[in-house]
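File shown here: coords.txt, holding compact mmCIF, C-alpha atoms.
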# COMPACT_ATOMS: atom_id res chain seq x y z
CA MET A 1 0.00 0.00 0.00
CA THR A 2 1.41 3.33 -1.08
CA ARG A 3 1.68 5.69 1.87
CA GLU A 4 0.66 9.24 1.10
CA LYS A 5 1.93 12.05 3.32
CA VAL A 6 -1.24 12.15 5.45
CA TYR A 7 -0.45 8.64 6.65
CA TYR A 8 2.32 10.11 8.79
CA TRP A 9 0.32 12.91 10.39
CA PRO A 10 -0.61 10.92 13.53
CA LEU A 11 3.01 9.76 13.86
CA TRP A 12 4.37 13.29 13.46
CA PHE A 13 1.82 14.58 15.94
CA SER A 14 2.77 11.88 18.45
CA LYS A 15 6.37 13.13 18.41
CA LEU A 16 5.13 16.32 20.09
CA LEU A 17 4.15 14.28 23.16
CA SER A 18 6.24 12.95 26.02
CA GLN A 19 8.04 9.61 25.77
CA LYS A 20 5.65 8.16 28.33
CA GLU A 21 2.63 9.26 26.33
CA GLN A 22 4.12 7.93 23.09
CA LYS A 23 4.42 4.48 24.65
CA LYS A 24 0.76 4.51 25.71
CA ILE A 25 -0.52 5.18 22.19
CA LYS A 26 1.93 2.91 20.38
CA LYS A 27 -0.69 0.22 19.70
CA ILE A 28 -3.37 2.44 18.20
CA LEU A 29 -1.02 4.56 16.13
CA PRO A 30 -0.86 2.16 13.12
CA LYS A 31 -4.67 1.91 13.09
CA LEU A 32 -5.05 5.68 12.94
CA GLN A 33 -2.43 5.95 10.22
CA THR A 34 -4.35 3.42 8.13
CA ALA A 35 -7.57 5.35 8.78
CA GLN A 36 -5.86 8.49 7.47
CA LEU A 37 -5.15 6.77 4.16
CA PHE A 38 -8.73 5.54 3.83
CA LEU A 39 -10.10 9.02 4.46
CA TRP A 40 -7.61 10.73 2.14
CA ARG A 41 -8.48 8.42 -0.72
CA ALA A 42 -12.19 8.78 -0.13
CA LEU A 43 -11.98 12.57 -0.07
CA ASN A 44 -9.99 12.69 -3.30
CA ILE A 45 -12.58 10.60 -5.12
CA TYR A 46 -15.45 12.66 -3.72
CA ASP A 47 -13.65 15.86 -4.78
CA ASP A 48 -13.49 14.57 -8.35
CA PHE A 49 -17.26 14.17 -8.31
CA LEU A 50 -17.75 17.66 -6.88
CA ASP A 51 -15.59 19.02 -9.71
CA GLY A 52 -17.70 17.15 -12.25
CA GLU A 53 -14.87 14.79 -13.17
CA GLY A 54 -15.74 11.75 -11.07
CA LYS A 55 -16.05 8.26 -12.56
CA ARG A 56 -19.09 6.24 -11.50
CA ALA A 57 -17.03 3.12 -10.97
CA GLU A 58 -14.93 4.95 -8.36
CA LEU A 59 -17.86 5.91 -6.10
CA PRO A 60 -18.30 2.48 -4.42
CA ARG A 61 -14.57 2.46 -3.75
CA ALA A 62 -14.77 5.89 -2.09
CA ASN A 63 -17.71 4.75 0.03
CA ASN A 64 -15.77 1.67 1.07
CA TYR A 65 -12.76 3.78 2.08
CA PHE A 66 -14.97 6.12 4.10
CA ARG A 67 -16.79 3.24 5.81
CA ARG A 68 -13.49 1.63 6.84
CA TYR A 69 -12.25 4.99 8.12
CA LEU A 70 -15.34 5.38 10.31
CA GLU A 71 -15.08 1.79 11.46
CA ILE A 72 -11.51 2.22 12.73
CA HIS A 73 -12.35 5.39 14.67
CA TYR A 74 -15.47 4.03 16.32
CA GLN A 75 -13.81 0.74 17.26
CA LEU A 76 -11.28 2.69 19.35
CA ASN A 77 -14.02 3.31 21.97
CA LEU A 78 -12.76 6.76 22.87
CA SER A 79 -14.54 9.28 25.11
CA SER A 80 -17.97 10.62 24.22
CA ASP A 81 -16.70 14.19 23.93
CA TYR A 82 -14.22 13.09 21.25
CA TYR A 83 -17.01 11.50 19.23
CA GLN A 84 -19.06 14.67 19.61
CA LEU A 85 -16.16 16.56 18.05
CA PHE A 86 -15.78 13.81 15.46
CA ASN A 87 -19.43 14.09 14.41
CA LYS A 88 -19.23 17.89 14.29
CA VAL A 89 -16.19 17.84 12.00
CA ILE A 90 -17.75 15.22 9.69
CA GLY A 91 -20.97 17.25 9.68
CA ASN A 92 -19.09 20.38 8.65
CA LEU A 93 -17.43 18.39 5.87
CA GLU A 94 -20.86 17.38 4.57
CA LYS A 95 -22.12 20.98 4.75
CA ALA A 96 -19.04 22.23 2.88
CA ASN A 97 -19.63 19.70 0.11
CA ILE A 98 -23.32 20.60 -0.13
CA ASN A 99 -22.50 24.31 -0.29
CA GLU A 100 -20.00 23.63 -3.06
CA VAL A 101 -22.59 21.75 -5.09
CA LEU A 102 -25.26 24.42 -4.60
CA ALA A 103 -22.93 27.41 -5.13
CA PRO A 104 -23.83 29.53 -8.18
CA LYS A 105 -21.49 29.27 -11.15
CA LEU A 106 -20.21 31.90 -13.54
CA LYS A 107 -21.93 32.36 -16.87
CA ILE A 108 -19.40 32.00 -19.67
CA LYS A 109 -20.26 32.29 -23.36
CA ASP A 110 -17.72 32.36 -26.16
CA GLY A 111 -14.99 33.00 -23.61
CA LEU A 112 -16.75 36.04 -22.13
CA VAL A 113 -17.41 35.95 -18.39
CA THR A 114 -20.51 37.54 -16.91
CA VAL A 115 -19.54 38.77 -13.44
CA PRO A 116 -22.34 38.23 -10.89
CA LYS A 117 -23.57 41.27 -8.98
CA LYS A 118 -23.24 39.35 -5.71
CA LEU A 119 -19.99 37.56 -4.91
CA PRO A 120 -18.94 35.54 -1.84
CA SER A 121 -17.43 37.72 0.88
CA TRP A 122 -15.11 35.00 2.22
CA LYS A 123 -15.19 36.72 5.63
CA ASN A 124 -14.85 33.35 7.34
CA ILE A 125 -12.09 32.11 5.08
CA ILE A 126 -10.86 29.80 7.86
CA ASN A 127 -13.87 27.64 6.94
CA LEU A 128 -11.93 26.51 3.88
CA SER A 129 -10.49 23.93 6.28
CA ASP A 130 -13.90 22.24 6.65
CA LYS A 131 -13.34 20.21 3.49
CA SER A 132 -10.30 18.46 4.92
CA LEU A 133 -10.39 19.00 8.70
CA ALA A 134 -11.48 15.39 9.21
CA LEU A 135 -7.83 14.54 8.55
CA ALA A 136 -7.03 16.18 11.91
CA LEU A 137 -9.18 13.65 13.77
CA GLY A 138 -6.47 10.98 13.56
CA PRO A 139 -3.91 13.02 15.50
CA LEU A 140 -6.57 14.27 17.91
CA ALA A 141 -7.72 10.71 18.60
CA LEU A 142 -4.27 10.09 20.09
CA LEU A 143 -4.90 12.82 22.65
CA SER A 144 -8.32 11.40 23.45
CA ALA A 145 -6.78 7.96 24.00
CA LEU A 146 -4.44 9.58 26.54
CA GLY A 147 -7.39 10.99 28.45
CA TYR A 148 -7.41 14.55 27.15
CA LYS A 149 -10.83 16.18 26.80
CA THR A 150 -11.82 18.41 23.92
CA THR A 151 -11.83 21.32 26.36
CA ASP A 152 -8.17 20.76 27.30
CA GLN A 153 -5.57 23.14 25.91
CA LYS A 154 -3.64 20.47 23.99
CA MET A 155 -6.78 19.27 22.21
CA LYS A 156 -7.87 22.82 21.36
CA ALA A 157 -4.40 23.75 20.17
CA GLY A 158 -4.18 20.61 18.03
CA LEU A 159 -7.52 21.29 16.39
CA ASN A 160 -6.68 24.95 15.79
CA PHE A 161 -3.28 24.06 14.32
CA PHE A 162 -4.88 21.85 11.70
CA LYS A 163 -7.63 24.40 11.02
CA TYR A 164 -5.06 27.04 10.15
CA ALA A 165 -2.76 24.67 8.29
CA LEU A 166 -5.55 23.13 6.21
CA ALA A 167 -7.18 26.48 5.44
CA ALA A 168 -3.80 27.69 4.19
CA LYS A 169 -3.35 24.51 2.13
CA GLN A 170 -6.81 24.81 0.58
CA LEU A 171 -6.21 28.46 -0.29
CA ALA A 172 -2.86 27.54 -1.84
CA ASP A 173 -4.55 24.81 -3.90
CA ASP A 174 -7.26 27.25 -5.03
CA SER A 175 -4.60 29.76 -6.07
CA TYR A 176 -2.85 27.09 -8.13
CA ASP A 177 -6.13 26.22 -9.88
CA TRP A 178 -7.50 29.77 -10.18
CA LEU A 179 -7.59 29.87 -13.98
CA GLU A 180 -8.89 26.34 -14.42
CA ASP A 181 -11.63 27.04 -11.85
CA LEU A 182 -12.62 30.20 -13.71
CA ASN A 183 -12.81 28.24 -16.95
CA HIS A 184 -15.19 25.79 -15.27
CA GLY A 185 -17.26 28.61 -13.79
CA PHE A 186 -16.23 27.92 -10.19
CA ILE A 187 -16.05 30.92 -7.87
CA THR A 188 -13.30 30.43 -5.29
CA ALA A 189 -11.52 32.50 -2.67
CA ALA A 190 -8.57 32.73 -5.07
CA ASN A 191 -10.42 34.08 -8.09
CA THR A 192 -13.12 36.18 -6.39
CA PRO A 193 -10.80 39.24 -6.13
CA ILE A 194 -10.43 39.10 -9.93
CA LEU A 195 -14.19 39.07 -10.42
CA ARG A 196 -14.70 41.82 -7.86
CA ALA A 197 -12.08 44.06 -9.49
CA ALA A 198 -13.52 43.43 -12.95
CA GLY A 199 -16.96 44.47 -11.75
CA ARG A 200 -15.65 47.49 -9.89
CA LYS A 201 -13.53 48.73 -12.79
CA ASP A 202 -15.98 47.65 -15.49
CA ILE A 203 -13.37 45.41 -17.11
CA GLY A 204 -14.53 42.71 -19.49
CA LEU A 205 -13.11 39.24 -18.87
CA ASP A 206 -12.41 37.44 -22.11
CA PHE A 207 -10.68 34.04 -22.03
CA LYS A 208 -10.29 33.88 -25.81
CA ASN A 209 -9.21 37.32 -26.91
CA LYS A 210 -7.73 39.01 -23.83
CA PRO A 211 -6.40 36.34 -21.45
CA GLU A 212 -3.60 38.68 -20.39
CA ILE A 213 -6.13 40.80 -18.47
CA LEU A 214 -6.99 37.80 -16.31
CA TYR A 215 -3.33 37.20 -15.48
CA LEU A 216 -2.77 40.87 -14.71
CA LEU A 217 -5.81 41.02 -12.42
CA PHE A 218 -4.66 37.87 -10.64
CA ALA A 219 -1.25 39.43 -10.00
CA GLN A 220 -2.73 42.76 -8.93
CA GLU A 221 -5.79 41.69 -6.98
CA SER A 222 -5.72 38.02 -5.96
CA SER A 223 -2.09 37.21 -5.35
CA PRO A 224 -1.41 39.80 -2.59
CA ILE A 225 -4.56 38.75 -0.71
CA ILE A 226 -3.80 35.04 -1.02
CA ILE A 227 -0.20 35.47 0.12
CA ALA A 228 -1.24 37.58 3.12
CA GLU A 229 -3.91 35.09 4.19
CA ILE A 230 -1.64 32.05 3.87
CA GLU A 231 1.14 33.78 5.81
CA LYS A 232 -1.37 34.74 8.52
CA PHE A 233 -2.65 31.18 8.81
CA CYS A 234 0.89 29.78 8.94
CA LYS A 235 1.80 32.19 11.73
CA LYS A 236 -1.27 31.24 13.74
CA ALA A 237 -0.64 27.54 13.16
CA LYS A 238 2.87 27.88 14.57
CA GLN A 239 1.50 29.72 17.61
CA GLU A 240 -0.97 26.91 18.28
CA ILE A 241 1.52 24.08 17.99
CA LYS A 242 3.82 25.81 20.50
CA LYS A 243 1.07 25.29 23.07
CA ILE A 244 1.67 21.56 22.69
CA ASN A 245 5.43 21.55 22.21
CA LYS A 246 7.76 24.54 21.88
CA GLU A 247 10.17 22.64 19.63
CA THR A 248 10.26 24.52 16.31
CA ASN A 249 11.97 21.77 14.33
CA ASN A 250 9.12 19.25 14.41
CA PHE A 251 7.78 17.30 11.45
CA LEU A 252 4.37 18.99 11.32
CA LEU A 253 5.97 22.39 10.89
CA THR A 254 8.66 21.28 8.45
CA LYS A 255 6.30 19.13 6.34
CA LEU A 256 3.07 21.13 6.45
CA ILE A 257 3.84 24.76 7.24
CA LEU A 258 7.33 25.36 5.82
CA PRO A 259 6.38 24.38 2.24
CA LEU A 260 3.47 26.84 2.36
CA GLU A 261 5.74 29.62 3.59
CA LYS A 262 8.25 28.85 0.83
CA SER A 263 5.47 28.95 -1.74
CA CYS A 264 4.44 32.38 -0.48
CA ARG A 265 7.94 33.74 -0.92
CA ALA A 266 8.14 32.29 -4.43
CA ALA A 267 4.71 33.73 -5.26
CA GLU A 268 5.77 37.16 -4.05
CA LYS A 269 8.77 37.15 -6.40
CA PHE A 270 6.66 35.90 -9.31
CA THR A 271 3.93 38.47 -8.70
CA GLN A 272 6.45 41.31 -8.47
CA ALA A 273 8.09 40.20 -11.71
CA ALA A 274 4.73 39.96 -13.46
CA LEU A 275 3.74 43.47 -12.37
CA GLU A 276 7.06 44.93 -13.48
CA ALA A 277 6.97 43.26 -16.89

Structure rendered as structure tokens:
Amino acid sequence: MTREKVYYWPLWFSKLLSQKEQKKIKKILPKLQTAQLFLWRALNIYDDFLDGEGKRAELPRANNYFRRYLEIHYQLNLSSDYYQLFNKVIGNLEKANINEVLAPKLKIKDGLVTVPKKLPSWKNIINLSDKSLALALGPLALLSALGYKTTDQKMKAGLNFFKYALAAKQLADDSYDWLEDLNHGFITAANTPILRAAGRKDIGLDFKNKPEILYLLFAQESSPIIIAEIEKFCKKAKQEIKKINKETNNFLLTKLILPLEKSCRAAEKFTQAALEA
């Protein structure tokens, strides 16, 4: 079985705990790592369907992955407050998927984009994490197995760390796909500033004849906002993880946060070069 990066999240999280605590959770760690893989693969298949690219034959496989993920977590017989959190996170995932399906799409004809009068505000942009926050439940289950309640600082800090990290990751993914999403009529946090600026400045968006305007608006309007938000989330994520362990050279920071920060620095250079060209 190929092990994607998420497989290691519970292991990396466990390294933040004391040696004594690591010994106590040694037996359930492999189970939670396997659950991470099942969830990751299920979410990727479901995302393909949400994007209109899913294959019918893959849906039973996704459902099987998700069922096995749920089975592992519920067989751990953790505390009731953990399962309350578990159900809330899964519920928010379902709501996020429903909202994505029901969200209005852009009208595009012959390459010309009709900008809607009302655009998403993205005031609660942290909610971008809802689509993947279930992946944080594996690491948090380790804390529950050690007797921590969801009201304890370590549990809160762990949840908040992943909220910030996953919101940043989702925003980074949206920024990478901004043009493709526009082509498909999807309105995202990454391309909304383009649409808002086009409406404000009465600029026509034309994929066929004037694609350079889209790129310029992305560099001027979207990129600075995206970079600022990702940097803010990364900073907050690092603050939260320090509440669990002050060590700055841990795997979660080097594998999850550092790549996002490096991407921001690269994006800043690219944006500056694009604006000066």

Nearest to Ser144 of chain A, chosen from A:Leu85, A:Val113, A:Val101, A:Ala165, with only C-alpha atoms counted in the distances =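 So, comparing all the options, the nearest one is A:Leu85.
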
What box, with edges along x, y and z, holds each listed atom of segment 129-141 of chain A when 6 Å is added on every side, and can you state its centre and edge lengths in Å to one decimal, as lines of an AutoDock Vina configuration file?
center_x = -8.9
center_y = 17.3
center_z = 11.0
size_x = 22.0
size_y = 25.2
size_z = 27.1

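Ranking A:Ile226, A:Ala136, A:Leu275, A:Ile108 by their shortest atom-to-atom distance to Glu212 of chain A, with all atoms listed in the file included, puts A:Leu275 first.
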
Using all atoms listed in the file, determine which residues lie at most 9 Å from Glu261 of chain A, disregarding the query and same-chain residues fewer than 3 positions distant; provide the list as a ChimeraX atom specification.
-> /A:230-231,234,257-258,264-266

Atom CA of Pro259 of chain A and atom CA of Tyr215 of chain A, how far apart in Å?
-> 23.9 Å

Have a look at atom CA of Ala62 of chain A and atom CA of Ala189 of chain A and let me know their distance in Å, one decimal.
->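 These atoms are spaced 26.8 Å apart.
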
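Using all atoms listed in the file, the smallest distance between any of A:Ser175, A:Ser79, A:Phe86, A:Thr192 and Lys149 of chain A comes from A:Ser79.
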
Spatial sel., origin (-15.8, 11.8, 25.6), limit 10 Å, only C-alpha atoms, listed as a VMD selection string | chain A and resid 77 to 85 144 to 145 147 to 150

Kindly give the distance, in Å, that separates atom CA of Gln33 of chain A and atom CA of Tyr7 of chain A, rounded to a single decimal.
->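 One can read the atom CA of Gln33 of chain A to atom CA of Tyr7 of chain A distance as 4.9 Å.
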
Identify which of the residues A:Leu32, A:Leu11, A:Leu93, A:Ile45 lies closest to Arg68 of chain A, counting only C-alpha atoms when measuring atom-to-atom distances.
->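 Residue with the minimum atom-to-atom distance to Arg68 of chain A: A:Leu32.
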
Any chance you could build segment 18-52 of chain A out to N, CA and C atoms and write it as an mmCIF file, keeping the file's coordinate frame?
data_model
loop_
_atom_site.group_PDB
_atom_site.id
_atom_site.type_symbol
_atom_site.label_atom_id
_atom_site.label_comp_id
_atom_site.auth_asym_id
_atom_site.auth_seq_id
_atom_site.Cartn_x
_atom_site.Cartn_y
_atom_site.Cartn_z
ATOM 1 N N SER A 18 5.168 13.499 25.186
ATOM 2 C CA SER A 18 6.240 12.950 26.020
ATOM 3 C C SER A 18 6.503 11.494 25.661
ATOM 4 N N GLN A 19 7.677 11.000 26.029
ATOM 5 C CA GLN A 19 8.040 9.610 25.770
ATOM 6 C C GLN A 19 7.042 8.655 26.419
ATOM 7 N N LYS A 20 6.609 8.995 27.606
ATOM 8 C CA LYS A 20 5.650 8.160 28.330
ATOM 9 C C LYS A 20 4.326 8.095 27.577
ATOM 10 N N GLU A 21 3.883 9.231 27.074
ATOM 11 C CA GLU A 21 2.630 9.260 26.330
ATOM 12 C C GLU A 21 2.755 8.519 25.003
ATOM 13 N N GLN A 22 3.910 8.628 24.361
ATOM 14 C CA GLN A 22 4.120 7.930 23.090
ATOM 15 C C GLN A 22 4.024 6.419 23.266
ATOM 16 N N LYS A 23 4.496 5.914 24.384
ATOM 17 C CA LYS A 23 4.420 4.480 24.650
ATOM 18 C C LYS A 23 2.969 4.015 24.827
ATOM 19 N N LYS A 24 2.163 4.867 25.438
ATOM 20 C CA LYS A 24 0.760 4.510 25.710
ATOM 21 C C LYS A 24 -0.075 4.399 24.441
ATOM 22 N N ILE A 25 0.281 5.168 23.421
ATOM 23 C CA ILE A 25 -0.520 5.180 22.190
ATOM 24 C C ILE A 25 0.117 4.369 21.066
ATOM 25 N N LYS A 26 1.176 3.655 21.388
ATOM 26 C CA LYS A 26 1.930 2.910 20.380
ATOM 27 C C LYS A 26 1.059 1.906 19.620
ATOM 28 N N LYS A 27 0.120 1.262 20.318
ATOM 29 C CA LYS A 27 -0.690 0.220 19.700
ATOM 30 C C LYS A 27 -1.746 0.758 18.736
ATOM 31 N N ILE A 28 -2.299 1.923 19.061
ATOM 32 C CA ILE A 28 -3.370 2.440 18.200
ATOM 33 C C ILE A 28 -2.842 3.316 17.067
ATOM 34 N N LEU A 29 -1.599 3.682 17.141
ATOM 35 C CA LEU A 29 -1.020 4.560 16.130
ATOM 36 C C LEU A 29 -1.119 3.992 14.713
ATOM 37 N N PRO A 30 -0.742 2.717 14.485
ATOM 38 C CA PRO A 30 -0.860 2.160 13.120
ATOM 39 C C PRO A 30 -2.296 2.160 12.607
ATOM 40 N N LYS A 31 -3.262 1.925 13.499
ATOM 41 C CA LYS A 31 -4.670 1.910 13.090
ATOM 42 C C LYS A 31 -5.092 3.297 12.594
ATOM 43 N N LEU A 32 -4.679 4.323 13.318
ATOM 44 C CA LEU A 32 -5.050 5.680 12.940
ATOM 45 C C LEU A 32 -4.340 6.120 11.661
ATOM 46 N N GLN A 33 -3.140 5.626 11.461
ATOM 47 C CA GLN A 33 -2.430 5.950 10.220
ATOM 48 C C GLN A 33 -3.137 5.317 9.023
ATOM 49 N N THR A 34 -3.606 4.092 9.189
ATOM 50 C CA THR A 34 -4.350 3.420 8.130
ATOM 51 C C THR A 34 -5.660 4.158 7.856
ATOM 52 N N ALA A 35 -6.325 4.594 8.925
ATOM 53 C CA ALA A 35 -7.570 5.350 8.780
ATOM 54 C C ALA A 35 -7.334 6.631 7.983
ATOM 55 N N GLN A 36 -6.184 7.263 8.208
ATOM 56 C CA GLN A 36 -5.860 8.490 7.470
ATOM 57 C C GLN A 36 -5.831 8.232 5.966
ATOM 58 N N LEU A 37 -5.228 7.102 5.575
ATOM 59 C CA LEU A 37 -5.150 6.770 4.160
ATOM 60 C C LEU A 37 -6.530 6.544 3.570
ATOM 61 N N PHE A 38 -7.380 5.804 4.310
ATOM 62 C CA PHE A 38 -8.730 5.540 3.830
ATOM 63 C C PHE A 38 -9.492 6.849 3.609
ATOM 64 N N LEU A 39 -9.389 7.751 4.573
ATOM 65 C CA LEU A 39 -10.100 9.020 4.460
ATOM 66 C C LEU A 39 -9.554 9.852 3.306
ATOM 67 N N TRP A 40 -8.248 9.942 3.200
ATOM 68 C CA TRP A 40 -7.610 10.730 2.140
ATOM 69 C C TRP A 40 -8.062 10.265 0.768
ATOM 70 N N ARG A 41 -8.100 8.955 0.582
ATOM 71 C CA ARG A 41 -8.480 8.420 -0.720
ATOM 72 C C ARG A 41 -9.958 8.624 -1.006
ATOM 73 N N ALA A 42 -10.762 8.518 0.035
ATOM 74 C CA ALA A 42 -12.190 8.780 -0.130
ATOM 75 C C ALA A 42 -12.435 10.237 -0.513
ATOM 76 N N LEU A 43 -11.784 11.145 0.189
ATOM 77 C CA LEU A 43 -11.980 12.570 -0.070
ATOM 78 C C LEU A 43 -11.554 12.960 -1.471
ATOM 79 N N ASN A 44 -10.468 12.369 -1.951
ATOM 80 C CA ASN A 44 -9.990 12.690 -3.300
ATOM 81 C C ASN A 44 -10.977 12.246 -4.368
ATOM 82 N N ILE A 45 -11.584 11.091 -4.165
ATOM 83 C CA ILE A 45 -12.580 10.600 -5.120
ATOM 84 C C ILE A 45 -13.836 11.477 -5.069
ATOM 85 N N TYR A 46 -14.274 11.801 -3.854
ATOM 86 C CA TYR A 46 -15.450 12.660 -3.720
ATOM 87 C C TYR A 46 -15.200 14.035 -4.353
ATOM 88 N N ASP A 47 -13.991 14.557 -4.189
ATOM 89 C CA ASP A 47 -13.650 15.860 -4.780
ATOM 90 C C ASP A 47 -13.764 15.829 -6.307
ATOM 91 N N ASP A 48 -13.367 14.704 -6.894
ATOM 92 C CA ASP A 48 -13.490 14.570 -8.350
ATOM 93 C C ASP A 48 -14.945 14.679 -8.783
ATOM 94 N N PHE A 49 -15.839 14.088 -7.988
ATOM 95 C CA PHE A 49 -17.260 14.170 -8.310
ATOM 96 C C PHE A 49 -17.772 15.599 -8.146
ATOM 97 N N LEU A 50 -17.326 16.277 -7.101
ATOM 98 C CA LEU A 50 -17.750 17.660 -6.880
ATOM 99 C C LEU A 50 -17.281 18.569 -8.001
ATOM 100 N N ASP A 51 -16.135 18.225 -8.601
ATOM 101 C CA ASP A 51 -15.590 19.020 -9.710
ATOM 102 C C ASP A 51 -16.178 18.599 -11.056
ATOM 103 N N GLY A 52 -17.073 17.614 -11.017
ATOM 104 C CA GLY A 52 -17.700 17.150 -12.250
ATOM 105 C C GLY A 52 -16.832 16.220 -13.064
#
